[in-house]
$ cat final_16.txt   # compact mmCIF, C-alpha atoms
# COMPACT_ATOMS: atom_id res chain seq x y z
CA MET A 1 12.83 -29.47 -33.25
CA SER A 2 11.40 -32.57 -34.94
CA ILE A 3 8.32 -33.93 -33.15
CA PRO A 4 6.52 -37.00 -34.54
CA LEU A 5 2.79 -37.54 -34.18
CA LEU A 6 3.68 -40.68 -32.20
CA ASP A 7 7.11 -41.91 -31.07
CA LEU A 8 7.02 -45.69 -30.68
CA LYS A 9 10.79 -45.96 -30.40
CA ALA A 10 10.82 -43.67 -27.37
CA GLN A 11 8.30 -45.96 -25.68
CA TYR A 12 10.28 -49.10 -26.57
CA LEU A 13 13.46 -47.68 -25.05
CA THR A 14 11.73 -47.24 -21.68
CA ILE A 15 10.88 -50.95 -21.48
CA LYS A 16 13.53 -52.45 -23.78
CA ASP A 17 14.94 -55.04 -21.39
CA ASP A 18 11.52 -56.40 -20.42
CA ILE A 19 10.38 -56.55 -24.05
CA ASP A 20 13.55 -58.29 -25.19
CA GLN A 21 13.27 -60.84 -22.38
CA ALA A 22 9.61 -61.54 -23.22
CA ILE A 23 10.45 -62.15 -26.87
CA GLN A 24 13.32 -64.43 -25.94
CA ARG A 25 11.05 -66.35 -23.57
CA VAL A 26 8.70 -67.16 -26.44
CA LEU A 27 11.56 -68.11 -28.75
CA ASP A 28 12.97 -70.41 -26.10
CA SER A 29 9.59 -72.06 -25.57
CA SER A 30 8.99 -72.52 -29.34
CA LYS A 31 5.25 -72.21 -28.64
CA PHE A 32 4.02 -69.62 -31.11
CA VAL A 33 0.22 -70.05 -31.47
CA LEU A 34 -2.54 -70.59 -28.86
CA GLY A 35 0.04 -70.83 -26.11
CA PRO A 36 0.45 -69.81 -22.47
CA GLU A 37 1.27 -66.14 -23.16
CA MET A 38 -2.00 -65.62 -25.02
CA ARG A 39 -4.02 -67.43 -22.37
CA ALA A 40 -2.38 -65.42 -19.58
CA PHE A 41 -3.05 -62.17 -21.42
CA GLU A 42 -6.70 -63.14 -21.87
CA GLU A 43 -7.02 -63.69 -18.12
CA GLU A 44 -5.28 -60.39 -17.34
CA MET A 45 -7.48 -58.42 -19.74
CA ALA A 46 -10.69 -59.99 -18.44
CA ALA A 47 -9.73 -59.08 -14.89
CA TYR A 48 -8.75 -55.54 -15.90
CA CYS A 49 -12.05 -54.92 -17.69
CA GLY A 50 -14.06 -56.56 -14.94
CA VAL A 51 -15.63 -59.22 -17.17
CA LYS A 52 -15.65 -63.02 -17.15
CA GLU A 53 -14.14 -63.76 -20.56
CA ALA A 54 -11.55 -62.44 -23.00
CA VAL A 55 -10.87 -63.96 -26.42
CA ALA A 56 -7.62 -62.98 -28.16
CA VAL A 57 -7.76 -62.73 -31.95
CA GLY A 58 -5.59 -61.66 -34.85
CA ASN A 59 -6.51 -57.97 -35.02
CA GLY A 60 -9.12 -55.40 -34.05
CA THR A 61 -11.07 -55.78 -37.29
CA ASP A 62 -11.43 -59.53 -36.73
CA ALA A 63 -12.55 -58.80 -33.19
CA LEU A 64 -15.48 -56.79 -34.54
CA LEU A 65 -16.25 -59.33 -37.26
CA LEU A 66 -16.22 -62.35 -34.96
CA ALA A 67 -18.25 -60.59 -32.29
CA LEU A 68 -20.90 -59.68 -34.86
CA ARG A 69 -20.89 -63.31 -36.07
CA GLY A 70 -21.39 -64.31 -32.46
CA PHE A 71 -24.47 -62.07 -32.42
CA ASP A 72 -25.75 -63.91 -35.54
CA VAL A 73 -25.57 -60.74 -37.65
CA GLY A 74 -25.96 -61.54 -41.34
CA PRO A 75 -27.75 -60.74 -44.60
CA GLY A 76 -30.94 -58.73 -44.14
CA ASP A 77 -29.88 -57.31 -40.77
CA GLU A 78 -29.04 -53.70 -39.95
CA VAL A 79 -26.39 -52.57 -37.47
CA ILE A 80 -26.31 -48.98 -36.25
CA THR A 81 -23.00 -47.18 -35.76
CA THR A 82 -21.26 -43.82 -36.19
CA PRO A 83 -19.94 -42.34 -39.45
CA PHE A 84 -17.03 -40.70 -37.62
CA THR A 85 -14.68 -43.61 -37.01
CA PHE A 86 -12.19 -45.88 -38.75
CA PHE A 87 -13.60 -47.86 -41.67
CA ALA A 88 -13.47 -51.21 -39.83
CA SER A 89 -16.36 -50.24 -37.55
CA ALA A 90 -18.75 -50.40 -40.51
CA GLU A 91 -16.73 -52.56 -42.92
CA THR A 92 -17.24 -55.60 -40.72
CA ILE A 93 -21.02 -55.10 -40.75
CA ALA A 94 -21.05 -55.07 -44.55
CA ALA A 95 -18.61 -58.00 -44.75
CA LEU A 96 -21.26 -60.18 -43.07
CA GLY A 97 -23.89 -59.11 -45.58
CA ALA A 98 -25.64 -56.76 -43.16
CA THR A 99 -26.31 -53.04 -43.71
CA PRO A 100 -24.55 -50.29 -41.74
CA VAL A 101 -26.90 -47.55 -40.57
CA PHE A 102 -25.23 -44.31 -39.52
CA VAL A 103 -26.21 -41.92 -36.72
CA ASP A 104 -24.78 -38.40 -36.67
CA ILE A 105 -22.39 -37.41 -33.91
CA ASP A 106 -22.49 -35.14 -30.88
CA PRO A 107 -20.81 -31.80 -31.72
CA VAL A 108 -18.94 -31.71 -28.41
CA THR A 109 -17.62 -35.25 -27.82
CA LEU A 110 -17.75 -36.42 -31.48
CA ASN A 111 -19.26 -39.69 -30.23
CA MET A 112 -22.58 -41.06 -31.48
CA ASP A 113 -25.46 -38.66 -30.80
CA LEU A 114 -27.64 -40.80 -28.57
CA ASP A 115 -30.58 -38.40 -28.92
CA GLN A 116 -30.82 -39.55 -32.55
CA LEU A 117 -30.12 -43.23 -31.96
CA GLU A 118 -33.60 -44.60 -31.34
CA SER A 119 -35.00 -42.96 -34.48
CA LYS A 120 -32.65 -45.13 -36.58
CA ILE A 121 -33.98 -48.43 -35.23
CA THR A 122 -36.15 -50.48 -37.61
CA PRO A 123 -37.55 -54.04 -37.53
CA ARG A 124 -34.32 -55.13 -39.31
CA THR A 125 -31.97 -53.70 -36.67
CA LYS A 126 -29.94 -56.43 -34.96
CA ALA A 127 -27.21 -54.57 -33.07
CA ILE A 128 -25.64 -51.24 -32.17
CA ILE A 129 -21.91 -50.46 -32.27
CA PRO A 130 -21.06 -47.37 -30.20
CA VAL A 131 -17.46 -46.31 -30.86
CA HIS A 132 -15.44 -44.66 -28.09
CA ILE A 133 -13.74 -42.20 -30.40
CA PHE A 134 -10.25 -40.90 -29.58
CA GLY A 135 -10.43 -42.60 -26.17
CA GLN A 136 -13.58 -40.99 -24.77
CA MET A 137 -16.44 -43.31 -23.90
CA VAL A 138 -20.01 -43.12 -25.11
CA ASP A 139 -22.70 -43.37 -22.42
CA VAL A 140 -23.10 -47.11 -23.00
CA GLU A 141 -25.53 -47.50 -20.11
CA ARG A 142 -27.97 -45.32 -22.04
CA VAL A 143 -27.27 -47.32 -25.22
CA MET A 144 -28.05 -50.51 -23.29
CA GLU A 145 -31.36 -49.06 -22.08
CA ILE A 146 -32.36 -48.24 -25.65
CA ALA A 147 -31.18 -51.65 -26.86
CA ALA A 148 -33.16 -53.45 -24.17
CA ARG A 149 -36.38 -51.79 -25.32
CA HIS A 150 -35.84 -53.20 -28.81
CA ASP A 151 -34.11 -56.52 -27.99
CA LEU A 152 -30.84 -55.51 -29.64
CA LYS A 153 -27.21 -56.47 -29.00
CA VAL A 154 -24.59 -53.85 -28.13
CA LEU A 155 -20.97 -54.20 -29.22
CA GLU A 156 -18.58 -51.60 -27.79
CA ASP A 157 -15.85 -50.67 -30.26
CA SER A 158 -13.14 -49.82 -27.74
CA ALA A 159 -10.23 -49.90 -30.19
CA GLN A 160 -9.09 -46.44 -29.07
CA ALA A 161 -10.22 -46.58 -25.47
CA ILE A 162 -8.45 -49.20 -23.38
CA GLY A 163 -8.51 -48.01 -19.78
CA ALA A 164 -11.13 -45.30 -20.33
CA ASN A 165 -14.11 -45.36 -18.01
CA TYR A 166 -17.60 -43.91 -17.71
CA ARG A 167 -19.16 -43.53 -14.27
CA GLY A 168 -16.49 -45.90 -12.97
CA ARG A 169 -17.04 -48.67 -15.54
CA LYS A 170 -14.31 -49.51 -18.02
CA ALA A 171 -14.59 -49.43 -21.78
CA ALA A 172 -15.82 -52.74 -23.27
CA SER A 173 -17.35 -53.90 -19.97
CA ILE A 174 -20.91 -52.56 -20.32
CA GLY A 175 -22.17 -53.86 -23.66
CA HIS A 176 -22.98 -57.48 -24.47
CA ALA A 177 -19.38 -57.59 -25.76
CA GLY A 178 -16.53 -55.19 -26.42
CA THR A 179 -13.56 -55.20 -28.75
CA PHE A 180 -10.02 -53.89 -28.68
CA SER A 181 -7.39 -53.28 -31.32
CA PHE A 182 -3.74 -53.60 -30.39
CA PHE A 183 -2.45 -52.07 -33.62
CA PRO A 184 0.99 -50.56 -32.88
CA THR A 185 -0.31 -46.96 -32.67
CA LYS A 186 -2.94 -47.74 -30.03
CA ASN A 187 -2.46 -46.80 -26.35
CA LEU A 188 -1.67 -50.48 -25.80
CA GLY A 189 -0.02 -51.48 -29.05
CA ALA A 190 1.54 -54.70 -30.24
CA TYR A 191 4.53 -54.92 -32.59
CA GLY A 192 2.21 -56.05 -35.35
CA ASP A 193 -1.50 -56.87 -35.47
CA ALA A 194 -3.54 -58.19 -32.54
CA GLY A 195 -7.03 -57.78 -31.12
CA MET A 196 -9.41 -58.98 -28.41
CA ILE A 197 -13.08 -59.48 -27.57
CA VAL A 198 -14.28 -59.29 -23.95
CA THR A 199 -17.67 -60.32 -22.60
CA ASP A 200 -19.57 -61.64 -19.59
CA ASP A 201 -21.34 -64.15 -21.84
CA GLU A 202 -19.53 -67.47 -21.40
CA ALA A 203 -21.44 -69.18 -24.21
CA LEU A 204 -20.58 -66.35 -26.60
CA ALA A 205 -16.89 -66.59 -25.61
CA ALA A 206 -16.86 -70.33 -26.28
CA HIS A 207 -18.39 -69.73 -29.71
CA LEU A 208 -15.82 -67.02 -30.49
CA ARG A 209 -12.94 -69.33 -29.56
CA MET A 210 -14.32 -71.84 -32.02
CA LEU A 211 -14.78 -69.22 -34.75
CA ARG A 212 -11.20 -67.91 -34.40
CA PHE A 213 -9.87 -71.45 -35.07
CA HIS A 214 -11.64 -72.53 -38.27
CA GLY A 215 -14.86 -73.43 -36.48
CA CYS A 216 -13.13 -76.12 -34.39
CA GLN A 217 -13.69 -77.24 -30.86
CA THR A 218 -11.54 -80.31 -31.52
CA LYS A 219 -8.72 -80.09 -34.06
CA TYR A 220 -9.72 -81.32 -37.53
CA TYR A 221 -13.41 -81.53 -36.54
CA HIS A 222 -15.16 -78.42 -37.88
CA ASP A 223 -18.61 -77.56 -36.55
CA GLU A 224 -19.07 -74.49 -38.74
CA ILE A 225 -17.22 -72.19 -41.15
CA GLY A 226 -14.85 -70.09 -39.11
CA TYR A 227 -11.70 -68.01 -39.51
CA ASN A 228 -8.00 -68.17 -38.87
CA SER A 229 -7.64 -65.35 -36.37
CA ARG A 230 -5.38 -66.09 -33.44
CA MET A 231 -3.15 -63.75 -31.49
CA ASP A 232 0.36 -65.16 -31.78
CA GLU A 233 2.51 -65.74 -28.72
CA LEU A 234 5.09 -63.07 -29.56
CA GLN A 235 2.43 -60.37 -29.67
CA ALA A 236 0.80 -61.65 -26.48
CA ALA A 237 4.14 -61.63 -24.64
CA ILE A 238 4.90 -58.09 -25.82
CA LEU A 239 1.44 -56.87 -24.87
CA ARG A 240 1.73 -58.41 -21.39
CA VAL A 241 4.86 -56.35 -20.77
CA LYS A 242 3.25 -53.15 -22.01
CA PHE A 243 -0.03 -53.88 -20.24
CA LYS A 244 1.67 -53.33 -16.88
CA HIS A 245 2.18 -49.68 -17.84
CA ILE A 246 -1.15 -48.87 -19.46
CA ASP A 247 -2.68 -46.92 -16.57
CA GLU A 248 0.52 -44.91 -16.13
CA TRP A 249 0.69 -44.17 -19.86
CA ASN A 250 -2.97 -43.21 -20.01
CA ALA A 251 -2.51 -40.83 -17.09
CA ALA A 252 0.40 -39.23 -18.94
CA ARG A 253 -1.77 -38.82 -22.05
CA ARG A 254 -4.47 -37.12 -19.97
CA GLU A 255 -1.86 -34.74 -18.62
CA LYS A 256 -0.71 -33.90 -22.15
CA GLY A 257 -4.35 -33.20 -23.03
CA ARG A 258 -4.74 -30.95 -19.99
CA ILE A 259 -1.61 -29.00 -20.91
CA TYR A 260 -2.77 -28.54 -24.51
CA ASN A 261 -6.15 -27.30 -23.29
CA GLU A 262 -4.40 -24.79 -21.04
CA LEU A 263 -1.90 -23.58 -23.65
CA LEU A 264 -4.49 -23.33 -26.43
CA ALA A 265 -7.22 -21.68 -24.36
CA GLY A 266 -8.63 -18.52 -25.90
CA LEU A 267 -7.56 -19.31 -29.45
CA PRO A 268 -10.12 -19.63 -32.27
CA LEU A 269 -10.07 -23.43 -32.08
CA THR A 270 -12.54 -26.09 -30.98
CA LEU A 271 -10.69 -28.16 -28.39
CA PRO A 272 -11.64 -31.73 -27.44
CA GLY A 273 -14.93 -31.73 -25.53
CA ILE A 274 -14.83 -33.87 -22.40
CA ASP A 275 -17.90 -35.59 -20.98
CA PRO A 276 -17.69 -34.87 -17.21
CA GLU A 277 -19.11 -38.32 -16.45
CA GLY A 278 -16.14 -40.07 -18.04
CA THR A 279 -12.37 -40.36 -17.87
CA PRO A 280 -10.83 -40.34 -21.36
CA VAL A 281 -7.45 -41.76 -22.33
CA PHE A 282 -6.54 -39.36 -25.17
CA HIS A 283 -5.68 -41.92 -27.80
CA LEU A 284 -5.52 -38.82 -29.97
CA TYR A 285 -5.65 -35.11 -29.18
CA VAL A 286 -7.96 -33.85 -31.92
CA LEU A 287 -8.87 -30.19 -32.29
CA ARG A 288 -11.04 -28.58 -34.95
CA THR A 289 -10.29 -25.49 -36.99
CA GLU A 290 -11.29 -23.84 -40.26
CA LYS A 291 -7.58 -23.20 -40.86
CA ARG A 292 -6.60 -26.88 -40.79
CA GLU A 293 -4.53 -26.94 -43.98
CA GLU A 294 -2.69 -23.75 -43.03
CA LEU A 295 -1.94 -25.06 -39.54
CA MET A 296 -0.81 -28.47 -40.74
CA ALA A 297 1.49 -26.92 -43.36
CA ALA A 298 3.10 -24.62 -40.78
CA LEU A 299 3.61 -27.47 -38.32
CA LYS A 300 5.05 -29.72 -41.04
CA GLU A 301 7.51 -27.00 -41.99
CA GLN A 302 8.81 -27.10 -38.41
CA GLY A 303 9.10 -30.90 -38.45
CA ILE A 304 5.98 -31.45 -36.32
CA GLY A 305 3.75 -34.39 -37.17
CA THR A 306 -0.01 -34.03 -37.54
CA ALA A 307 -2.78 -36.11 -39.13
CA ILE A 308 -6.41 -35.83 -40.20
CA TYR A 309 -8.96 -38.02 -38.38
CA TYR A 310 -11.01 -38.53 -40.51
CA PRO A 311 -10.96 -36.96 -43.99
CA VAL A 312 -14.20 -38.59 -45.22
CA PRO A 313 -17.14 -39.70 -43.04
CA LEU A 314 -18.13 -43.31 -43.58
CA HIS A 315 -21.54 -42.57 -45.07
CA LEU A 316 -19.82 -40.72 -47.94
CA GLN A 317 -17.14 -43.35 -48.60
CA ARG A 318 -17.22 -44.77 -52.13
CA ALA A 319 -17.47 -48.30 -50.72
CA PHE A 320 -20.85 -47.36 -49.19
CA ARG A 321 -22.24 -45.40 -52.13
CA ASP A 322 -24.98 -48.01 -52.61
CA LEU A 323 -26.44 -47.11 -49.21
CA GLY A 324 -27.77 -43.90 -50.74
CA TYR A 325 -26.38 -41.27 -48.40
CA ASN A 326 -25.70 -37.75 -49.71
CA GLU A 327 -23.74 -34.73 -48.52
CA GLY A 328 -25.70 -32.94 -45.85
CA ASP A 329 -27.36 -36.07 -44.47
CA LEU A 330 -25.12 -36.19 -41.37
CA PRO A 331 -23.91 -32.58 -41.09
CA VAL A 332 -22.08 -32.71 -37.76
CA ALA A 333 -19.87 -35.62 -38.86
CA GLU A 334 -19.26 -33.98 -42.22
CA LYS A 335 -18.21 -30.71 -40.60
CA ALA A 336 -15.91 -32.54 -38.17
CA CYS A 337 -14.21 -34.32 -41.07
CA SER A 338 -13.54 -30.96 -42.71
CA GLN A 339 -11.96 -29.45 -39.59
CA ALA A 340 -10.44 -32.15 -37.35
CA MET A 341 -6.70 -32.58 -36.95
CA ALA A 342 -4.55 -34.44 -34.42
CA LEU A 343 -1.54 -33.02 -32.62
CA PRO A 344 1.27 -35.16 -31.16
CA CYS A 345 0.04 -36.75 -27.94
CA PHE A 346 1.96 -39.63 -26.38
CA PRO A 347 3.33 -40.33 -22.89
CA GLU A 348 6.93 -39.39 -23.71
CA LEU A 349 6.00 -35.99 -25.21
CA THR A 350 7.73 -33.25 -23.21
CA LEU A 351 6.37 -29.92 -21.98
CA GLU A 352 9.01 -28.17 -24.09
CA GLN A 353 7.74 -29.97 -27.18
CA GLN A 354 4.13 -29.08 -26.43
CA LYS A 355 5.07 -25.42 -26.00
CA GLU A 356 6.90 -25.50 -29.34
CA ILE A 357 3.83 -27.00 -31.06
CA VAL A 358 1.53 -24.38 -29.55
CA SER A 359 3.89 -21.54 -30.47
CA VAL A 360 3.64 -22.51 -34.14
CA ILE A 361 -0.17 -22.66 -33.90
CA LYS A 362 -0.31 -19.23 -32.26
CA LYS A 363 1.82 -17.68 -34.99
CA VAL A 364 -0.55 -18.96 -37.68
CA LEU A 365 -3.73 -17.92 -35.87
CA LYS A 366 -2.42 -14.43 -35.10

$ encode --input "final_16.txt" --output "structure tokens"
Amino acid sequence: MSIPLLDLKAQYLTIKDDIDQAIQRVLDSSKFVLGPEMRAFEEEMAAYCGVKEAVAVGNGTDALLLALRGFDVGPGDEVITTPFTFFASAETIAALGATPVFVDIDPVTLNMDLDQLESKITPRTKAIIPVHIFGQMVDVERVMEIAARHDLKVLEDSAQAIGANYRGRKAASIGHAGTFSFFPTKNLGAYGDAGMIVTDDEALAAHLRMLRFHGCQTKYYHDEIGYNSRMDELQAAILRVKFKHIDEWNAARREKGRIYNELLAGLPLTLPGIDPEGTPVFHLYVLRTEKREELMAALKEQGIGTAIYYPVPLHLQRAFRDLGYNEGDLPVAEKACSQAMALPCFPELTLEQQKEIVSVIKKVLK
């Protein structure tokens, strides 16, 4: 049987009529930018996260970039983050002229190792970006305590974690601001690019709305150099339809994760480590194995999709070679990059499909 890593068409078919109607509604209105769908989605997301403000932008990378601009991050500053994440988490720091500083990861959760965080703070540090990797939250309350001691800003990169919570608080709601990506493969995905920043800081939100529209508060009157980064109405309308299902879909992903853990128990694999204080949303089901290439080849032969997250840690990326990191500097992240692989994990995945995937894995490992 052919099993993709993610089946977006299967999801679309479950909500086709509502999606089609939402798209038609926007076409009929002929309002395509900064319209009522975007504003309604901002209000819905703010309420969902339990914060005062939500600012819709063009994509998740812009969300990080604008939020850092809102924190006045720039040349000469340092921003601490994890090396085990998508490039955008650190790319946006460098794009503003600041320096990314990497902290190794926890060997169980693969999130930032908070025991090492404070040792990375210097007089140049301006902010911290904890990343909720694969849909499992970092202990942001602890990050905030550390940040408060050093007068630092905290930006939660929640691109993979919409709906996740930690001690009852949702992703993106604890830091000074939080960001989301709505790239199509995310748990809540648009049919193109889209992103969002959420915060309790009303002044910051007002600044971000100006930055996303060329530095304007009033059209054609530019207070500062900004960007063109606005969530279009079609994406907002689509996301509003899908948003109604996010908790249901996340619960289904958690169930797929539970089933994998049960079926794979006892095998020579490192399964996803779950922090008991949090509720993850399994954006990806990532296991670790020394036989990654062998497993991926066997699964591919059976038509089963897999992927590597991530093949190269950020501190060893060519783009960051000038930072001076070497192999062995962040050993836990480096080892994870050599072993991690994702199995199909999406709400529509069936038990039969999961059993087929696991049967292939068992054959290889035996």

$ atom_distance --input "final_16.txt" --atom1 "CA of Pro83 (chain A)" --atom2 "CA of Phe102 (chain A)"
5.6 Å

$ atom_distance --input "final_16.txt" --atom1 "CA of Leu34 (chain A)" --atom2 "CA of Ile162 (chain A)"
22.9 Å

$ residues_around --input "final_16.txt" --residues "Cys345 (chain A)" --least-positions-apart "2" --cutoff "10 Å" --atoms "all atoms listed in the file" --output "list in words"
Pro4, Leu5, Leu6, Asp7, Ala252, Arg253, Arg254, Glu255, Lys256, Gly257, Tyr260, Phe282, His283, Leu284, Tyr285, Val286, Thr306, Ala342, Leu343, Pro347, Glu348, Leu349, Thr350 and Gln354 of chain A

$ residues_around --input "final_16.txt" --residues "Gly303 (chain A)" --least-positions-apart "4" --cutoff "7 Å" --atoms "only C-alpha atoms" --output "PyMOL selection string"
chain A and resi 1-3+299

$ closest_residue --input "final_16.txt" --among "A:Gly328, A:Pro123, A:Gly163, A:Gly266" --to "Gly278 (chain A)" --atoms "only C-alpha atoms"
A:Gly163

$ atom_distance --input "final_16.txt" --atom1 "CA of Phe320 (chain A)" --atom2 "CA of Glu78 (chain A)"
13.9 Å

$ residues_around --input "final_16.txt" --residues "Ile197 (chain A)" --least-positions-apart "2" --cutoff "8 Å" --atoms "only C-alpha atoms" --output "number ranges by chain"
A: 54-57, 63-64, 67, 177-180, 195, 199

$ residues_around --input "final_16.txt" --residues "Val51 (chain A)" --least-positions-apart "4" --cutoff "8 Å" --atoms "all atoms listed in the file" --output "PDB file with C-alpha atoms, in the coordinates of the input"
ATOM      1  CA  ALA A  46     -10.690 -59.990 -18.440  1.00  0.00           C
ATOM      2  CA  ALA A  47      -9.730 -59.080 -14.890  1.00  0.00           C
ATOM      3  CA  SER A 173     -17.350 -53.900 -19.970  1.00  0.00           C
ATOM      4  CA  VAL A 198     -14.280 -59.290 -23.950  1.00  0.00           C
ATOM      5  CA  THR A 199     -17.670 -60.320 -22.600  1.00  0.00           C
ATOM      6  CA  ASP A 200     -19.570 -61.640 -19.590  1.00  0.00           C
TER       7      ASP A 200
END

$ closest_residue --input "final_16.txt" --among "A:Leu269, A:Ala237, A:Ala206, A:Ala333" --to "Val364 (chain A)" --atoms "only C-alpha atoms"
A:Leu269

$ closest_residue --input "final_16.txt" --among "A:Glu118, A:Arg169, A:Met210, A:Glu277" --to "Glu224 (chain A)" --atoms "only C-alpha atoms"
A:Met210

$ residues_around --input "final_16.txt" --residues "region 21-28 of chain A" --least-positions-apart "2" --cutoff "10 Å" --atoms "all atoms listed in the file" --output "list of chain:residue names"
A:Lys16, A:Asp17, A:Asp18, A:Ile19, A:Ser30, A:Lys31, A:Phe32, A:Gly35, A:Pro36, A:Glu37, A:Glu233, A:Leu234, A:Gln235, A:Ala236, A:Ala237, A:Ile238, A:Leu239, A:Arg240, A:Val241

$ axis_aligned_box --input "final_16.txt" --around "region 17-31 of chain A" --padding-each-side "6 Å" --output "AutoDock Vina command-line options"
--center_x 10.1 --center_y -63.8 --center_z -24.9 --size_x 21.7 --size_y 29.5 --size_z 20.9
